[in-house]
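K.L.:
Attaching a single structure in C-alpha cells format; questions to follow.
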Amino acid sequence: MMNLKKESVEWIKALLYALVAATIVRLYIFETMLVPTGSMIPTIQIGDRLFVEKITYTVREPQIGEIVVFWSPFVDERASHMLRLFDKFMDLFSPAMFRGHVKYVKRLVGKGGDVLEIKDGKLYVNGKIPDALKDRYYEPEGIFKYEDFYEWLYTASKLRKDKEAYRNFIYDLAREHGRTAAVLVFSLIGEEGLKYGEPFLPGLLNYFDPSMVYYDEKTQTYYIPGMIYHEFYEEYYSKLDLKKYIEKTEDGTVRIRVPEGFYFLMGDNTKESLDCRYFGFVPKDHIIGWPILRIWPLDRFGPIQKY
C-alpha cells in the first residue's frame with residue numbers, strides 16, 4: 001500500500017514537472033497557431049496549423065520579405081470567434097497585455113525609418129522594390145487610399161458604445177469621403193446594441209453577412225464583432241504625430257514612413273488580408289516569432305517558405 005502511494009506521488013510530481021517544462025517551452029521557445037483566414041494564400045492556407053519558433057527574432061530583427069507571427073495590436077473580436085478550444089486554452093498562457101488579442105501571420109514589408117509607397121500594384125520601399133517582394137502584388141487600400149484612415153478607425157471605435165453618435169459618424173464619413181470608405185470603417189469596427197431585425201445602416205448598407213452577427217446574452221442584443229481599436233491607438237499612437245508619417249503625394253498616392261520601434265506587415269493575398277494597411281504600424285514588442293513548419297494538415301506537412 002505504501003509503495004503504491006509513493007509511486008502515485010512520484011507520478012504526480014513527474015506530471016507537474018512536465019507541465020512546468022511545457023509551459024516554459026510554450027512561453028519562450030515554441031508555440032503553435034491556427035490560421036483562420038486566407039490572408040497569406042497561397043503561401044499559407046486556411047486551417048493550417050503552424051509551428052512558431054520564438055528565439056530567432058529575439059537575437060535579430062526580422063528582414064524585409066520574411067514571414068512573421070505577431071500579436072494583433074488590438075482586441076480582435078471577430079478573429080477570437082474563429083479560434084478553436086485548444087487555441088483559446090493555450091492563449092491563457094500568453095502575456096497579460098495580450099489577453100483577448102489573437103495571433104496574426106503576415107509578411108514584413110517595412111521597418112522603422114522605411115518609406116513605403118504602392119504604385120501599379122508594386123510596393124516600393126525607400127524608392128525601390130525589394131528583391132523579396134518583386135513577385136508580390138499589393139492593393140493600395142486602407143491607409144494607402146485614405147491618409148486619415150487610422151484616425152477614422154480611432155474615432156469610430158471610441159464612439160461605438162454610443163450607437164447614435166457612432167452611426168452619425170459613419171454617415172458623415174459617407175457624405176464626405178464616399179460610401180466605400182464608410183462601409184469599410186463600419187465593417188472593421190463592428191456595431192453593438194442591435195435589435196432583432198433591425199437594419200444595419202439604412203440607406204448605406206442594405207446587407208451584412210448574417211453569419212457575422214452574434215447574440216449577447218448579457219445585454220440580450222445582437223452585435224457585429226470588430227476591432228477594439230481606440231485603446232491601442234491611445235497607448236501607442238498618442239505620442240506620435242501620425243501626419244509626420246503619412247502624406248499624400250502630388251500624384252494622389254499616399255506615402256508612409258514607418259516610425260522607429262514599429263513594423264509594417266501585409267498579407268500575400270492582398271485583396272483578402274486584414275493587415276497594416278487597415279490597422280496601422282505594429283510595435284516591436286508584439287512580435288512572437290517565425291513560422292518554421294506547417295504541422296497540419298498532414299498532406300501539407302513541411303517547412304514554410306521564408307520568402
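Going through the C-alpha cells in order, the chains are called A, B, and so on, while each chain numbers its residues from 1 and the ligands are numbered from 1 in the order shown.
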Please identify all polymer residues within 7 Å of Ile64 in chain A, counting only C-alpha atoms, omitting same-chain residues fewer than 4 positions from it, and present them as number ranges by chain.
P.N.:
A: 108-110
K.L.:
Hey, what does DSSP flag as strand (DSSP E or B) within range 137-241 of chain A? Can you give it to me as an mmCIF file with C-alpha atoms, in the first residue's frame?
P.N.:
data_model
loop_
_atom_site.group_PDB
_atom_site.id
_atom_site.type_symbol
_atom_site.label_atom_id
_atom_site.label_comp_id
_atom_site.auth_asym_id
_atom_site.auth_seq_id
_atom_site.Cartn_x
_atom_site.Cartn_y
_atom_site.Cartn_z
ATOM 1 C CA GLU A 191 -21.516 47.543 -34.011
ATOM 2 C CA GLU A 192 -23.300 46.619 -30.809
ATOM 3 C CA GLY A 193 -26.743 47.016 -29.297
ATOM 4 C CA LEU A 194 -28.648 45.762 -32.343
ATOM 5 C CA LEU A 201 -27.118 51.221 -41.801
ATOM 6 C CA LEU A 205 -25.653 49.232 -46.066
ATOM 7 C CA TYR A 214 -23.753 37.358 -32.717
ATOM 8 C CA TYR A 215 -26.097 37.418 -29.754
ATOM 9 C CA ASP A 216 -25.005 38.902 -26.418
ATOM 10 C CA THR A 221 -28.982 42.324 -28.049
ATOM 11 C CA TYR A 222 -27.084 41.444 -31.203
ATOM 12 C CA TYR A 223 -23.677 42.716 -32.219
ATOM 13 C CA ILE A 224 -21.221 42.656 -35.101
ATOM 14 C CA MET A 227 -11.770 45.897 -33.508
ATOM 15 C CA ILE A 228 -11.419 47.489 -30.066
#
K.L.:
Just list the residues in range 82-249 of chain A DSSP gives helix (DSSP H, G or I) on the backbone, as JSON, numbers by chain.
P.N.:
{"A": [82, 85, 86, 87, 88, 89, 90, 91, 92, 93, 96, 97, 98, 131, 132, 133, 142, 143, 144, 149, 150, 151, 152, 153, 154, 155, 156, 157, 158, 159, 163, 164, 165, 166, 167, 168, 169, 170, 171, 172, 173, 174, 175, 176, 177, 179, 180, 181, 182, 183, 184, 185, 186, 187, 188, 189, 210, 211, 212, 229, 230, 231, 232, 233, 234, 235, 236, 237, 242, 243, 244]}
K.L.:
What is the CA of Gly127 in chain A-CA of Leu240 in chain A distance in Å, reported with one decimal?
P.N.:
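These atoms are spaced 23.9 Å apart.
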K.L.:
Under the rule that only C-alpha atoms are counted, which of A:Glu77, A:Glu31, A:Glu260, A:Asp148 is the nearest residue to Met212 in chain A?
P.N.:
A:Glu77
K.L.:
Ranking A:Asp48, A:Asp76, A:Asp209, A:Asp120 by minimum distance to Tyr138 in chain A and counting only C-alpha atoms, which one comes first?
P.N.:
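Checking each candidate against Tyr138 in chain A, we get A:Asp120 as the closest.
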K.L.:
Pick out the residues sitting within 12 Å of Leu293 in chain A, and hand them over as number ranges by chain; count only C-alpha atoms, and ignore anything fewer than 3 positions along from it in its own chain.
P.N.:
A: 30-33, 43-44, 48-53, 67, 289-290, 296-298, 300-306
K.L.:
Which residue is closest to Ser39 in chain A? Choose from A:Lys122, A:His81, A:Lys239, A:Lys271 and count only C-alpha atoms.
P.N.:
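Once distances to Ser39 in chain A are computed over only C-alpha atoms, the minimum belongs to A:Lys271.
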K.L.:
Let me make sure I understand: among A:Thr58, A:Thr219, A:Asp162, A:Val75, which one has the smallest atom-to-atom distance to Met97 in chain A if we use only C-alpha atoms?
P.N.:
A:Val75
